[in-house]
Amino acid sequence: MKKTLLLAAALLVTAALPAQKRYTLASPDGALQTTVSVGGELSYDIRLNGRTLLEPSPLSLRLNNGSVWGPDARVAKASQSSVDQWVASPFYRADSIRDHYNALTLRMKGGWEVEFRAYDDGVAYRFVNRSKKPFAILNEEVAYRFPEDFTATLPYVRAGEDGDWEKQYFNSFESTYTVARLSQLKTGRLAFLPLVVDAGRQVKICLTESDLRDYPGLYLRNPDGGNNLCGQFAPCPIRTRPGGYNGIEHVVLERAVHIADVPGPRTFPWRVAIIGNDAGIAASNLSYLLAEPSKIDDLSWIRPGKVAWDWWNAWNLAGVDFRAGINTETYKYYIDFAASQGIEYVILDDGWAAGKGADLMQINPDIDLRQIVRYADSKGVGIILWAGFHAFQRDMEEVCRHYAEMGVKGFKVDFMDRDDQQMTLFNSRAAETAAKYHLILDLHGTHKPAGLNRTWPNILNFEGVHGLEQMKWNSSKVDQMKYDATIPFIRQVAGPVDYTQGAMINATRQGFHPNYTEPMSQGTRCHQLALYVVLDSPLNMLCDSPTNYLREEECTSFIARIPTVWDETRILDGRIGEYIVTARRKGSTWYIGGITDWTPRDLKIDLSFLGGSLQAELFRDGVNADRKASDYRREEIRIDTAEPFAVHLAPGGGFTLKIQQGE
């Protein structure tokens with residue numbers, strides 16, 4: 001009798017549940033599948049060759065008008081489609097990339113939709129608003145429910161105490177990575193994207209977002225000490241004031257209860273799970289493909305290239321007959337150096353504007369900016385100006401107009417240090433205003449690109465990275481070599497990185513120490529050279545002093561002539577946090593670069609895709625690079641691509657090959 005009553009109760013509960021409709025979407029190759037469930041809960045899962053990588057995970061939007069998109073949704077129309085096309089990708093790692101996916105669109109009653117796409121290397125979804133009535137979003141539910149206690153590699157926000165969300169929302173997105181089980185992640189600490197979850201069996205899941213425009217960036221955290229991650233967003237600022245570094249940041253004094261204002265019809269950011277082995281996620285183009293296409297029709301004025309940079313090397317020059325510093329003579333010297341090496345730009349960093357950069361219309365009296373710009377133009381070199389966020393956003397139109405008329409080519413905008421809706425809107429406004437005056441941008445002090453480099457291709461670079469600048473002050477406890485071998489698999493998946501490499505003073509693990517005025521890198525000279533191949537940077541710095549570069553003619557000649565945008569990119573080998581080998585082609589010339597962490601490695605690299613016997617220029621770690629990190633060898637060699645190419649990497653080492661096909 002007791003068993004009968006229990007069975008009857010179970011049947012009643014099942015009957016009372018809303019009817020669940022299920023839609024299955026597979027990748028073009030059929031290996032990835034997602035099942036979208038609509039009914040009591042809107043959810044999706046992810047399976048790879050039948051193995052569950054993500055258990056049913058809910059998604060929803062809660063609006064200030066009382067509506068909730070997700071639970072108890074009613075499908076008005078379901079449609080599936082397939083796309084297979086090539087997308088032009090100027091100023092990127094390839095000149096065009098394949099956009100191949102199957103799509104599912106569920107149009108819901110109530111004026112909204114949810115779209116899913118399944119690629120061979122990932123699954124993505126987004127919400128779409130069709131209503132013309134304005135509203136606010138109180139919260140977006142983003143959840144990742146994993147079937148096991150997988151290991152994650154993620155960048156915790158460094159700012160603030162655990163649970164102090166406001167201080168954590170104000171951060172520079174430059175953290176190093178923590179590796180831990182999901183269950184061991186801090187419940188009161190936010191992680192910004194991208195991050196990677198290791199599902200075992202050589203399968204990695206890179207979680208990120210794309211098409212992030214006029215919407216807060218997504219943070220993830222462990223909500224309860226289990227195997228799950230949940231999303232969190234910074235609410236909209238109501239009141240801010242200038243503060244932080246020299247008053248050029250904006251400190252939030254008060255926030256609203258909602259995370260985003262929605263004035264009318266729009267799409268929302270894609271939530272992306274990139275899936276593959278280590279090399280596969282490093283090679284993924286989903287962040288670019290899922291972004292809104294370019295808003296600039298004529299790209300002819302956008303000029304990528306390399307930059308001679310003053311700040312990292314502290315304006316230090318030797319062998320000159322003037323006092324080096326922020327003055328006209330020093331910048332003419334940098335311009336002469338850039339012109340002699342075919343370097344496209346010189347940046348005037350913090351200090352060219354008077355009053356610590358608080359007013360960009362007031363110029364430091366120690367420099368004649370018009371003369372500098374004219375002199376640079378006569379040498380075929382462009383001038384880029386550094387700008388703090390507050391001063392740039394306050395006078396954006398006038399600043400862009402004035403300096404474009406002067407002949408300045410672009411701005412390096414710094415210290416945004418937030419990614420709430422107000423700040424992501426600023427990045428788009430800055431790009432649009434700069435494009436109006438044919439100015440390029442380097443968004444330093446900001447979050448990941450998240451597709452903005454496709455939508456506004458005049459933004460050539462983005463920071464959000466623990467780059468070489470950190471070596472000016474960070475202690476030797478920071479393992480920059482492990483970080484370097486990690487970012488191609490995580491941060492770079494989201495787009496270009498303003499890492500600012502090129503140090504000519506190099507140090508072993510034991511010999512490294514921070515030096516603000518004469519900084520050095522961790523790792524070998526060849527590690528620095530290889531970063532120009534391994535990292536995506538359409539606007540790429542030569543961070544060291546012209547004095548040091550002129551003493552190192554071989555290395556300087558190599559990095560000054562290496563391209564910054566590419567026709568083709570291949571990830572040949574690698575393991576996250578350990579090493580990576582990348583091949584890139586420009587025209588008929590291939591550059592191949594590899595770096596390692598502090599573990600010395602003997603690599604055997606398959607170059608059979610090149611075909612034949614080819615002449616190559618090789619930079620490799622010297623025999624004594626483990627003791628003197630600047631030791632290297634340059635060689636002209638012949639490579640038989642039918643055999644694996646063997647090369648030794650010292651601790652913190654690297655190598656580069658330059659190969660001309662057809663010779």
# chains A, B, ... in the order shown; residues from 1 in each chain; ligands from 1

call {"tool": "residues_around", "arguments": {"residues": "segment 535-546 of chain A", "least_positions_apart": "2", "cutoff": "6 Å", "atoms": "only C-alpha atoms", "output": "list in words"}}
result
Pro304, Gly305, Lys306, Val307, Ala308, Trp309, Trp312, Asn313, Leu460, Asn461, Pro496, Val497, Thr500, Gln501, Gly502, Ala503, Leu531, Tyr532, Val533, Asn548, Tyr549, Leu550, Thr564 and Val565 of chain A

call {"tool": "select_by_dssp", "arguments": {"residues": "segment 402-448 of chain A", "states": "strand (DSSP E)", "output": "list in words"}}
result
Gly410, Phe411, Lys412, Val413, Asp414, Ile440, Leu441, Asp442 and Leu443 of chain A

call {"tool": "write_last_selection", "arguments": {"atoms": "all heavy atoms", "output": "PDB file, in the first residue's frame"}}
result
ATOM      1  N   GLY A 410      46.735  58.482 -33.903  1.00  0.00           N
ATOM      2  CA  GLY A 410      45.882  57.678 -33.041  1.00  0.00           C
ATOM      3  C   GLY A 410      46.152  57.942 -31.577  1.00  0.00           C
ATOM      4  O   GLY A 410      47.005  58.764 -31.199  1.00  0.00           O
ATOM      5  N   PHE A 411      45.409  57.201 -30.727  1.00  0.00           N
ATOM      6  CA  PHE A 411      45.516  57.346 -29.279  1.00  0.00           C
ATOM      7  C   PHE A 411      45.644  55.987 -28.612  1.00  0.00           C
ATOM      8  O   PHE A 411      45.045  54.994 -29.044  1.00  0.00           O
ATOM      9  CB  PHE A 411      44.285  58.060 -28.703  1.00  0.00           C
ATOM     10  CG  PHE A 411      44.265  59.538 -28.965  1.00  0.00           C
ATOM     11  CD1 PHE A 411      43.624  60.044 -30.080  1.00  0.00           C
ATOM     12  CD2 PHE A 411      44.912  60.407 -28.105  1.00  0.00           C
ATOM     13  CE1 PHE A 411      43.610  61.403 -30.335  1.00  0.00           C
ATOM     14  CE2 PHE A 411      44.909  61.770 -28.355  1.00  0.00           C
ATOM     15  CZ  PHE A 411      44.252  62.275 -29.469  1.00  0.00           C
ATOM     16  N   LYS A 412      46.435  55.982 -27.567  1.00  0.00           N
ATOM     17  CA  LYS A 412      46.487  54.853 -26.633  1.00  0.00           C
ATOM     18  C   LYS A 412      45.722  55.297 -25.392  1.00  0.00           C
ATOM     19  O   LYS A 412      46.210  56.100 -24.604  1.00  0.00           O
ATOM     20  CB  LYS A 412      47.938  54.517 -26.292  1.00  0.00           C
ATOM     21  CG  LYS A 412      48.107  53.451 -25.220  1.00  0.00           C
ATOM     22  CD  LYS A 412      49.595  53.252 -24.891  1.00  0.00           C
ATOM     23  CE  LYS A 412      49.784  52.255 -23.782  1.00  0.00           C
ATOM     24  NZ  LYS A 412      51.225  52.070 -23.453  1.00  0.00           N
ATOM     25  N   VAL A 413      44.503  54.795 -25.224  1.00  0.00           N
ATOM     26  CA  VAL A 413      43.624  55.239 -24.139  1.00  0.00           C
ATOM     27  C   VAL A 413      43.772  54.262 -22.968  1.00  0.00           C
ATOM     28  O   VAL A 413      43.732  53.046 -23.147  1.00  0.00           O
ATOM     29  CB  VAL A 413      42.162  55.314 -24.603  1.00  0.00           C
ATOM     30  CG1 VAL A 413      41.296  55.949 -23.520  1.00  0.00           C
ATOM     31  CG2 VAL A 413      42.062  56.117 -25.902  1.00  0.00           C
ATOM     32  N   ASP A 414      43.911  54.814 -21.767  1.00  0.00           N
ATOM     33  CA  ASP A 414      44.328  54.004 -20.622  1.00  0.00           C
ATOM     34  C   ASP A 414      43.437  54.251 -19.407  1.00  0.00           C
ATOM     35  O   ASP A 414      42.757  55.268 -19.301  1.00  0.00           O
ATOM     36  CB  ASP A 414      45.772  54.362 -20.279  1.00  0.00           C
ATOM     37  CG  ASP A 414      46.506  53.250 -19.534  1.00  0.00           C
ATOM     38  OD1 ASP A 414      45.873  52.253 -19.161  1.00  0.00           O
ATOM     39  OD2 ASP A 414      47.733  53.393 -19.353  1.00  0.00           O
ATOM     40  N   ILE A 440      43.514  55.635 -35.258  1.00  0.00           N
ATOM     41  CA  ILE A 440      43.550  54.286 -34.717  1.00  0.00           C
ATOM     42  C   ILE A 440      43.566  54.362 -33.190  1.00  0.00           C
ATOM     43  O   ILE A 440      43.888  55.400 -32.603  1.00  0.00           O
ATOM     44  CB  ILE A 440      44.765  53.494 -35.227  1.00  0.00           C
ATOM     45  CG1 ILE A 440      46.072  54.162 -34.797  1.00  0.00           C
ATOM     46  CG2 ILE A 440      44.700  53.311 -36.734  1.00  0.00           C
ATOM     47  CD1 ILE A 440      47.312  53.331 -35.087  1.00  0.00           C
ATOM     48  N   LEU A 441      43.210  53.252 -32.548  1.00  0.00           N
ATOM     49  CA  LEU A 441      43.172  53.197 -31.094  1.00  0.00           C
ATOM     50  C   LEU A 441      43.901  51.962 -30.583  1.00  0.00           C
ATOM     51  O   LEU A 441      43.850  50.891 -31.193  1.00  0.00           O
ATOM     52  CB  LEU A 441      41.734  53.155 -30.577  1.00  0.00           C
ATOM     53  CG  LEU A 441      40.883  54.424 -30.689  1.00  0.00           C
ATOM     54  CD1 LEU A 441      39.494  54.154 -30.116  1.00  0.00           C
ATOM     55  CD2 LEU A 441      41.532  55.597 -29.985  1.00  0.00           C
ATOM     56  N   ASP A 442      44.544  52.142 -29.443  1.00  0.00           N
ATOM     57  CA  ASP A 442      45.042  51.046 -28.608  1.00  0.00           C
ATOM     58  C   ASP A 442      44.339  51.218 -27.270  1.00  0.00           C
ATOM     59  O   ASP A 442      44.622  52.170 -26.541  1.00  0.00           O
ATOM     60  CB  ASP A 442      46.562  51.152 -28.470  1.00  0.00           C
ATOM     61  CG  ASP A 442      47.147  50.136 -27.493  1.00  0.00           C
ATOM     62  OD1 ASP A 442      46.400  49.280 -26.995  1.00  0.00           O
ATOM     63  OD2 ASP A 442      48.367  50.216 -27.221  1.00  0.00           O
ATOM     64  N   LEU A 443      43.394  50.323 -26.962  1.00  0.00           N
ATOM     65  CA  LEU A 443      42.667  50.424 -25.698  1.00  0.00           C
ATOM     66  C   LEU A 443      43.450  49.691 -24.622  1.00  0.00           C
ATOM     67  O   LEU A 443      43.335  48.478 -24.451  1.00  0.00           O
ATOM     68  CB  LEU A 443      41.251  49.857 -25.838  1.00  0.00           C
ATOM     69  CG  LEU A 443      40.323  50.627 -26.772  1.00  0.00           C
ATOM     70  CD1 LEU A 443      38.922  50.016 -26.756  1.00  0.00           C
ATOM     71  CD2 LEU A 443      40.259  52.108 -26.431  1.00  0.00           C
TER      72      LEU A 443
END

call {"tool": "closest_residue", "arguments": {"among": "A:Ala430, A:Val251, A:Ala124, A:Leu290", "to": "Arg98 of chain A", "atoms": "only C-alpha atoms"}}
result
A:Leu290

call {"tool": "closest_atom_pairs", "arguments": {"of": "segment 373-445 of chain A", "to": "segment 171-175 of chain A", "cutoff": "7 Å", "atoms": "only C-alpha atoms", "output": "CSV"}}
result
residue,atom,partner,partner_atom,distance
A:Asp417,CA,A:Ser172,CA,4.7
A:Arg418,CA,A:Asn171,CA,6.2
A:Gly445,CA,A:Ser172,CA,5.9

call {"tool": "atom_distance", "arguments": {"atom1": "atom CA of Pro449 of chain A", "atom2": "atom CA of Arg213 of chain A"}}
result
10.3 Å

call {"tool": "closest_residue", "arguments": {"among": "A:Leu348, A:Ala485, A:Met504, A:Ile302", "to": "Leu439 of chain A", "atoms": "only C-alpha atoms"}}
result
A:Ile302

call {"tool": "residues_around", "arguments": {"residues": "Ala376 of chain A", "least_positions_apart": "6", "cutoff": "9 Å", "atoms": "only C-alpha atoms", "output": "ChimeraX atom specification"}}
result
/A:332,335-336,339,345-346,382-383

call {"tool": "write_last_selection", "arguments": {"atoms": "N, CA, C and O atoms", "output": "short mmCIF file (atom, residue, chain, number, x, y, z; two decimals), in the first residue's frame"}}
result
data_model
loop_
_atom_site.label_atom_id
_atom_site.label_comp_id
_atom_site.auth_asym_id
_atom_site.auth_seq_id
_atom_site.Cartn_x
_atom_site.Cartn_y
_atom_site.Cartn_z
N LYS A 332 62.51 63.34 -31.08
CA LYS A 332 63.12 63.32 -32.40
C LYS A 332 64.08 62.14 -32.53
O LYS A 332 64.18 61.52 -33.60
N ILE A 335 62.07 59.09 -33.10
CA ILE A 335 61.56 59.11 -34.48
C ILE A 335 62.67 58.70 -35.45
O ILE A 335 62.43 57.91 -36.37
N ASP A 336 63.87 59.22 -35.26
CA ASP A 336 64.99 58.84 -36.13
C ASP A 336 65.25 57.33 -36.04
O ASP A 336 65.51 56.67 -37.05
N ALA A 339 62.42 55.51 -37.91
CA ALA A 339 62.58 55.65 -39.35
C ALA A 339 63.71 54.77 -39.88
O ALA A 339 63.59 54.17 -40.95
N TYR A 345 55.40 53.62 -36.08
CA TYR A 345 54.88 54.61 -35.13
C TYR A 345 55.86 54.85 -33.98
O TYR A 345 56.70 54.01 -33.66
N VAL A 346 55.67 56.00 -33.34
CA VAL A 346 56.25 56.30 -32.04
C VAL A 346 55.11 56.73 -31.13
O VAL A 346 54.26 57.54 -31.53
N GLY A 382 54.43 57.71 -37.89
CA GLY A 382 53.22 58.26 -37.30
C GLY A 382 53.37 58.45 -35.80
O GLY A 382 54.08 57.69 -35.13
N ILE A 383 52.68 59.45 -35.25
CA ILE A 383 52.70 59.72 -33.81
C ILE A 383 51.37 59.27 -33.20
O ILE A 383 50.29 59.60 -33.70
#

call {"tool": "residues_around", "arguments": {"residues": "Arg47 of chain A", "least_positions_apart": "4", "cutoff": "7 Å", "atoms": "only C-alpha atoms", "output": "PyMOL selection string"}}
result
chain A and resi 32-34+51-54

call {"tool": "residues_around", "arguments": {"residues": "segment 87-95 of chain A", "least_positions_apart": "6", "cutoff": "6 Å", "atoms": "only C-alpha atoms", "output": "PDB file with C-alpha atoms, in the first residue's frame"}}
result
ATOM      1  CA  VAL A 565      48.945  41.040 -39.288  1.00  0.00           C
ATOM      2  CA  TRP A 566      48.854  37.746 -41.121  1.00  0.00           C
ATOM      3  CA  ASP A 567      47.358  35.797 -44.007  1.00  0.00           C
ATOM      4  CA  GLU A 568      47.301  32.501 -42.126  1.00  0.00           C
ATOM      5  CA  THR A 569      47.945  31.202 -38.606  1.00  0.00           C
TER       6      THR A 569
END

call {"tool": "residues_around", "arguments": {"residues": "Thr328 of chain A", "least_positions_apart": "2", "cutoff": "7 Å", "atoms": "only C-alpha atoms", "output": "list in words"}}
result
Thr330, Tyr331, Lys332, Ile367, Asp368 and Ile372 of chain A

call {"tool": "select_by_dssp", "arguments": {"residues": "segment 26-192 of chain A", "states": "helix (DSSP H, G or I)", "output": "MDAnalysis selection string"}}
result
chainID A and resid 165:169 182:184

call {"tool": "write_last_selection", "arguments": {"atoms": "N, CA, C and O atoms", "output": "mmCIF file, in the first residue's frame"}}
result
data_model
loop_
_atom_site.group_PDB
_atom_site.id
_atom_site.type_symbol
_atom_site.label_atom_id
_atom_site.label_comp_id
_atom_site.auth_asym_id
_atom_site.auth_seq_id
_atom_site.Cartn_x
_atom_site.Cartn_y
_atom_site.Cartn_z
ATOM 1 N N TRP A 165 32.052 43.189 -3.738
ATOM 2 C CA TRP A 165 31.861 43.206 -5.185
ATOM 3 C C TRP A 165 32.248 44.540 -5.796
ATOM 4 O O TRP A 165 32.852 44.577 -6.875
ATOM 5 N N GLU A 166 31.924 45.649 -5.130
ATOM 6 C CA GLU A 166 32.204 46.949 -5.729
ATOM 7 C C GLU A 166 33.696 47.131 -5.988
ATOM 8 O O GLU A 166 34.102 47.581 -7.060
ATOM 9 N N LYS A 167 34.518 46.778 -5.037
ATOM 10 C CA LYS A 167 35.962 46.914 -5.244
ATOM 11 C C LYS A 167 36.460 45.926 -6.296
ATOM 12 O O LYS A 167 37.419 46.219 -7.016
ATOM 13 N N GLN A 168 35.817 44.779 -6.395
ATOM 14 C CA GLN A 168 36.235 43.824 -7.416
ATOM 15 C C GLN A 168 35.818 44.268 -8.816
ATOM 16 O O GLN A 168 36.486 43.929 -9.796
ATOM 17 N N TYR A 169 34.734 45.011 -8.914
ATOM 18 C CA TYR A 169 34.323 45.520 -10.230
ATOM 19 C C TYR A 169 35.318 46.553 -10.768
ATOM 20 O O TYR A 169 35.345 46.819 -11.967
ATOM 21 N N LEU A 182 37.212 22.966 -9.467
ATOM 22 C CA LEU A 182 36.030 23.828 -9.394
ATOM 23 C C LEU A 182 35.543 23.980 -7.958
ATOM 24 O O LEU A 182 35.185 25.073 -7.520
ATOM 25 N N SER A 183 35.539 22.874 -7.212
ATOM 26 C CA SER A 183 35.028 22.901 -5.843
ATOM 27 C C SER A 183 35.910 23.704 -4.901
ATOM 28 O O SER A 183 35.490 24.070 -3.807
ATOM 29 N N GLN A 184 37.153 23.970 -5.328
ATOM 30 C CA GLN A 184 38.085 24.713 -4.483
ATOM 31 C C GLN A 184 38.089 26.209 -4.789
ATOM 32 O O GLN A 184 38.790 26.972 -4.123
#

call {"tool": "closest_residue", "arguments": {"among": "A:Met406, A:Arg620, A:His390, A:Asp631", "to": "Gln371 of chain A", "atoms": "only C-alpha atoms"}}
result
A:Met406

call {"tool": "closest_residue", "arguments": {"among": "A:Gly280, A:Gly231, A:Gly325, A:Gly388", "to": "His250 of chain A", "atoms": "only C-alpha atoms"}}
result
A:Gly388

call {"tool": "atom_distance", "arguments": {"atom1": "atom CA of Glu41 of chain A", "atom2": "atom CA of Tyr101 of chain A"}}
result
25.5 Å

call {"tool": "residues_around", "arguments": {"residues": "Asp72 of chain A", "least_positions_apart": "5", "cutoff": "10 Å", "atoms": "only C-alpha atoms", "output": "list in words"}}
result
Pro18, Ala19, Gln20, Val38, Gly39, Gly40, Glu41 and Leu42 of chain A

call {"tool": "write_last_selection", "arguments": {"atoms": "all heavy atoms", "output": "tab-separated table (two decimals), in the first residue's frame"}}
result
chain	number	residue	atom	x	y	z
A	18	PRO	N	5.30	21.57	-16.23
A	18	PRO	CA	5.03	22.07	-17.58
A	18	PRO	C	5.67	21.17	-18.62
A	18	PRO	O	6.72	20.58	-18.39
A	18	PRO	CB	5.67	23.46	-17.57
A	18	PRO	CG	5.87	23.81	-16.13
A	18	PRO	CD	6.05	22.53	-15.41
A	19	ALA	N	5.02	21.06	-19.75
A	19	ALA	CA	5.56	20.23	-20.83
A	19	ALA	C	6.89	20.81	-21.30
A	19	ALA	O	6.99	22.00	-21.59
A	19	ALA	CB	4.57	20.16	-21.97
A	20	GLN	N	7.92	19.97	-21.37
A	20	GLN	CA	9.23	20.39	-21.83
A	20	GLN	C	9.37	20.08	-23.32
A	20	GLN	O	9.13	18.97	-23.75
A	20	GLN	CB	10.33	19.65	-21.05
A	20	GLN	CG	10.43	20.05	-19.58
A	20	GLN	CD	11.18	21.35	-19.38
A	20	GLN	OE1	12.08	21.67	-20.13
A	20	GLN	NE2	10.79	22.09	-18.36
A	38	VAL	N	12.92	23.78	-23.27
A	38	VAL	CA	12.05	24.92	-23.04
A	38	VAL	C	10.82	24.43	-22.30
A	38	VAL	O	10.19	23.45	-22.72
A	38	VAL	CB	11.63	25.60	-24.36
A	38	VAL	CG1	10.82	26.86	-24.08
A	38	VAL	CG2	12.84	25.91	-25.23
A	39	GLY	N	10.49	25.10	-21.22
A	39	GLY	CA	9.32	24.71	-20.44
A	39	GLY	C	9.40	25.35	-19.08
A	39	GLY	O	9.43	26.56	-18.95
A	40	GLY	N	9.47	24.53	-18.04
A	40	GLY	CA	9.62	25.07	-16.70
A	40	GLY	C	10.91	25.85	-16.54
A	40	GLY	O	10.98	26.84	-15.83
A	41	GLU	N	11.95	25.40	-17.26
A	41	GLU	CA	13.24	26.07	-17.23
A	41	GLU	C	13.80	26.08	-18.64
A	41	GLU	O	13.70	25.09	-19.36
A	41	GLU	CB	14.18	25.31	-16.28
A	41	GLU	CG	15.57	25.88	-16.15
A	41	GLU	CD	16.43	25.08	-15.18
A	41	GLU	OE1	16.87	23.97	-15.56
A	41	GLU	OE2	16.65	25.55	-14.05
A	42	LEU	N	14.38	27.19	-19.05
A	42	LEU	CA	15.11	27.26	-20.31
A	42	LEU	C	16.55	26.87	-20.02
A	42	LEU	O	17.23	27.52	-19.23
A	42	LEU	CB	15.03	28.67	-20.89
A	42	LEU	CG	15.82	28.93	-22.18
A	42	LEU	CD1	15.34	28.04	-23.32
A	42	LEU	CD2	15.72	30.41	-22.58

call {"tool": "closest_residue", "arguments": {"among": "A:Gly574, A:Asn64, A:Glu518, A:Gly594", "to": "Asn316 of chain A", "atoms": "only C-alpha atoms"}}
result
A:Glu518
